[in-house]
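K.L.:
Please read through the structure below; I'll follow up with questions.
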Amino acid sequence: MSGKHYKGPEVSCCIKYFIFGFNVIFWFLGIAFLGIGLWAWNEKGVLSNISSITDLGGFDPVWLFLVVGGVMFILGFAGCIGALRENTFLLKFFSVFLGIIFFLELTAGVLTFVFKDWIKDQLYFFINNNIRAYRDDIDLQNLIDFTQEYWQCCGAFGADDWNLNIYFNCTDSNASRERCGVPFSCCTKDPAEDVINTQCGYDARQKPEVDQQMVIYTKGCVPQFEKWLQDNLTIVAGIFIGIALLQIFGICLAQNLVSDIEAVRASW
């Protein structure tokens with residue numbers, strides 16, 4: 001009797017545990033992002049009053065953590081459990097979900113290139129809408145301050161965009177001490193100052209334009225963002241291409257694992 005026996009198809013352990021390990025990291029990162037988002041909402045009292053979600057006139061940055069965290073959690077769960085349990089349904093769901101995200105990113109990139117002027121108008125509208133809500137939410141306020149400091153800009157297209165905010169507009173009926181001013185994040189920075197002067201923007205827009213340039217940034221954030229994008233186009237393109245390749249790689253691995261599992265089951 002021959003000692004030889006038939007060796008059927010096998011599931012690749014390398015692919016299986018690579019997908020598992022990679023998605024465990026994604027899963028935990030998703031949980032962390034969701035935890036940060038829920039903690040932020042709890043600190044602001046949103047969880048105890050869900051209806052307050054719609055009260056903010058501008059964009060709540062917490063949504064970024066919740067949406068990104070939710071997507072990462074779902075992807076990580078499907079990929080991790082699907083690979084570990086050799087569950088073809090979860091692996092196919094992982095591939096399709098990742099494929100949809102890749103398609104949406106590709107579509108967004110093409111539309112951004114084709115409809116540049118429309119995107120610029122939407123960005124202008126988005127920034128100005130959030131300028132109106134600057135004092136309504138601390139997270140939004142911090143996001144606007146970070147943006148203006150990082151890109152050394154003020155407002156969407158200029159410092160006068162802050163007339164849209166009830167505390168900073170120059171109308172005679174505005175009794176705020178911040179009237180005709182700008183937030184401190186619009187102020188030019190003095191390297192010799194260690195402590196941030198949060199009142200540096202007071203009355204800044206009452207000065208002549210030449211004098212304004214000495215104390216605040218006069219360029220808008222939309223043109224400054226465009227300039228930054230042009231200066232860092234290679235880096236930005238490299239990041240997007242790297243993300244796209246990772247997504248394609250993940251889809252291919254998951255499909256390969258599904259094929260191996262189905263081949264093994266078909267040989268039983």
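In the structure tokens, chains take the letters A, B, ... in the order shown, each chain's residues start at 1, and ligands count up from 1 in the order shown.
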Name all residues at most 12 Å from Gly250 (chain A) (count only C-alpha atoms; drop same-chain ones fewer than 3 positions away) and give them as a ChimeraX atom specification.

P.N.:
/A:15-16,18-20,22-23,75-76,79,83,91-92,94-99,102,243-247,253-257

K.L.:
Any chance you could list, as a ChimeraX atom specification, the residues in region 22-223 of chain A that come up helix (DSSP H, G or I) when DSSP is run on the backbone?

P.N.:
/A:22-43,50-54,62-84,88-114,116-132,138-150,159-164,184-186,204-206,209-215,221-223

K.L.:
Considering only C-alpha atoms, return as number ranges by chain whatever protein or nucleic-acid residues lie within 7 Å of Val182 (chain A), sequence-local ones (same chain, fewer than 5 positions apart) excluded.

P.N.:
A: 162, 168, 201-202, 204

K.L.:
Measuring between only C-alpha atoms, which one of A:Phe115, A:Trp41, A:Phe89, A:Phe33 shows the shortest distance to Phe65 (chain A)?

P.N.:
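Smallest distance to Phe65 (chain A) is found for A:Phe33.
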
K.L.:
Got a sec: who's within 8 Å of Asn128 (chain A), counting only C-alpha atoms, leaving out chain neighbours fewer than 3 positions off, as a PyMOL selection string?

P.N.:
chain A and resi 124-125+131-132+155-156+161+164

K.L.:
Could you turn the residues from that selection into a file that holds all heavy atoms, as a compact mmCIF listing (two decimals), in the first residue's frame?

P.N.:
```txt
# COMPACT_ATOMS: atom_id res chain seq x y z
N TYR A 124 -15.56 78.27 0.58
CA TYR A 124 -15.80 79.64 1.06
C TYR A 124 -17.07 79.68 1.91
O TYR A 124 -17.09 80.26 3.00
CB TYR A 124 -15.92 80.57 -0.15
CG TYR A 124 -16.33 81.98 0.18
CD1 TYR A 124 -15.45 82.85 0.81
CD2 TYR A 124 -17.60 82.45 -0.16
CE1 TYR A 124 -15.83 84.16 1.11
CE2 TYR A 124 -17.99 83.75 0.14
CZ TYR A 124 -17.10 84.60 0.77
OH TYR A 124 -17.49 85.88 1.07
N PHE A 125 -18.14 79.05 1.39
CA PHE A 125 -19.41 79.00 2.12
C PHE A 125 -19.24 78.25 3.45
O PHE A 125 -19.75 78.67 4.49
CB PHE A 125 -20.47 78.32 1.26
CG PHE A 125 -21.77 78.07 1.97
CD1 PHE A 125 -22.68 79.09 2.16
CD2 PHE A 125 -22.08 76.81 2.47
CE1 PHE A 125 -23.88 78.87 2.82
CE2 PHE A 125 -23.27 76.58 3.14
CZ PHE A 125 -24.18 77.61 3.31
N ILE A 131 -17.54 80.55 10.65
CA ILE A 131 -17.18 81.82 11.28
C ILE A 131 -18.36 82.35 12.09
O ILE A 131 -18.19 82.86 13.20
CB ILE A 131 -16.72 82.85 10.22
CG1 ILE A 131 -15.30 82.53 9.75
CG2 ILE A 131 -16.80 84.27 10.74
CD1 ILE A 131 -14.80 83.40 8.61
N ARG A 132 -19.55 82.20 11.53
CA ARG A 132 -20.76 82.65 12.25
C ARG A 132 -20.93 81.91 13.58
O ARG A 132 -21.41 82.47 14.57
CB ARG A 132 -22.00 82.41 11.39
CG ARG A 132 -22.09 83.28 10.15
CD ARG A 132 -23.43 83.08 9.45
NE ARG A 132 -23.51 83.84 8.22
CZ ARG A 132 -23.17 83.37 7.02
NH1 ARG A 132 -22.75 82.12 6.89
NH2 ARG A 132 -23.28 84.13 5.96
N GLY A 155 -10.03 84.51 8.10
CA GLY A 155 -11.28 84.46 7.35
C GLY A 155 -11.15 83.59 6.11
O GLY A 155 -10.11 82.98 5.86
N ALA A 156 -12.22 83.52 5.32
CA ALA A 156 -12.21 82.70 4.10
C ALA A 156 -11.36 83.36 3.01
O ALA A 156 -10.45 82.76 2.46
CB ALA A 156 -13.62 82.47 3.61
N ASP A 161 -14.15 88.99 6.57
CA ASP A 161 -15.14 87.93 6.67
C ASP A 161 -15.64 87.77 8.10
O ASP A 161 -16.72 87.20 8.33
CB ASP A 161 -14.56 86.59 6.18
CG ASP A 161 -14.40 86.55 4.67
OD1 ASP A 161 -15.16 87.24 3.98
OD2 ASP A 161 -13.50 85.84 4.19
N LEU A 164 -19.15 88.61 9.66
CA LEU A 164 -20.29 87.68 9.71
C LEU A 164 -20.58 87.21 11.13
O LEU A 164 -21.67 86.71 11.40
CB LEU A 164 -19.99 86.46 8.82
CG LEU A 164 -19.87 86.73 7.32
CD1 LEU A 164 -19.31 85.49 6.61
CD2 LEU A 164 -21.23 87.10 6.74
```

K.L.:
For Lys189 (chain A), which residue among A:Asn163, A:Cys153, A:Ala266, A:Ser173 is the nearest when counting only C-alpha atoms?

P.N.:
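Comparing A:Asn163, A:Cys153, A:Ala266, A:Ser173 against Lys189 (chain A), the winner is A:Cys153.
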
K.L.:
I'd like the interatomic distance between CA of Glu193 (chain A) and CA of Tyr134 (chain A), to a tenth of an Å.

P.N.:
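Calculated distance between CA of Glu193 (chain A) and CA of Tyr134 (chain A) is 25.5 Å.
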
K.L.:
Rounded to one decimal, what separation in Å do you get between CA of Asn169 (chain A) and CA of Trp151 (chain A)?

P.N.:
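Here the two named atoms are 22.7 Å from each other.
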
K.L.:
Which of these residues is nearest to Phe126 (chain A), using only C-alpha atoms: A:Cys180, A:Val24, A:Cys221, A:Leu64?

P.N.:
A:Cys221
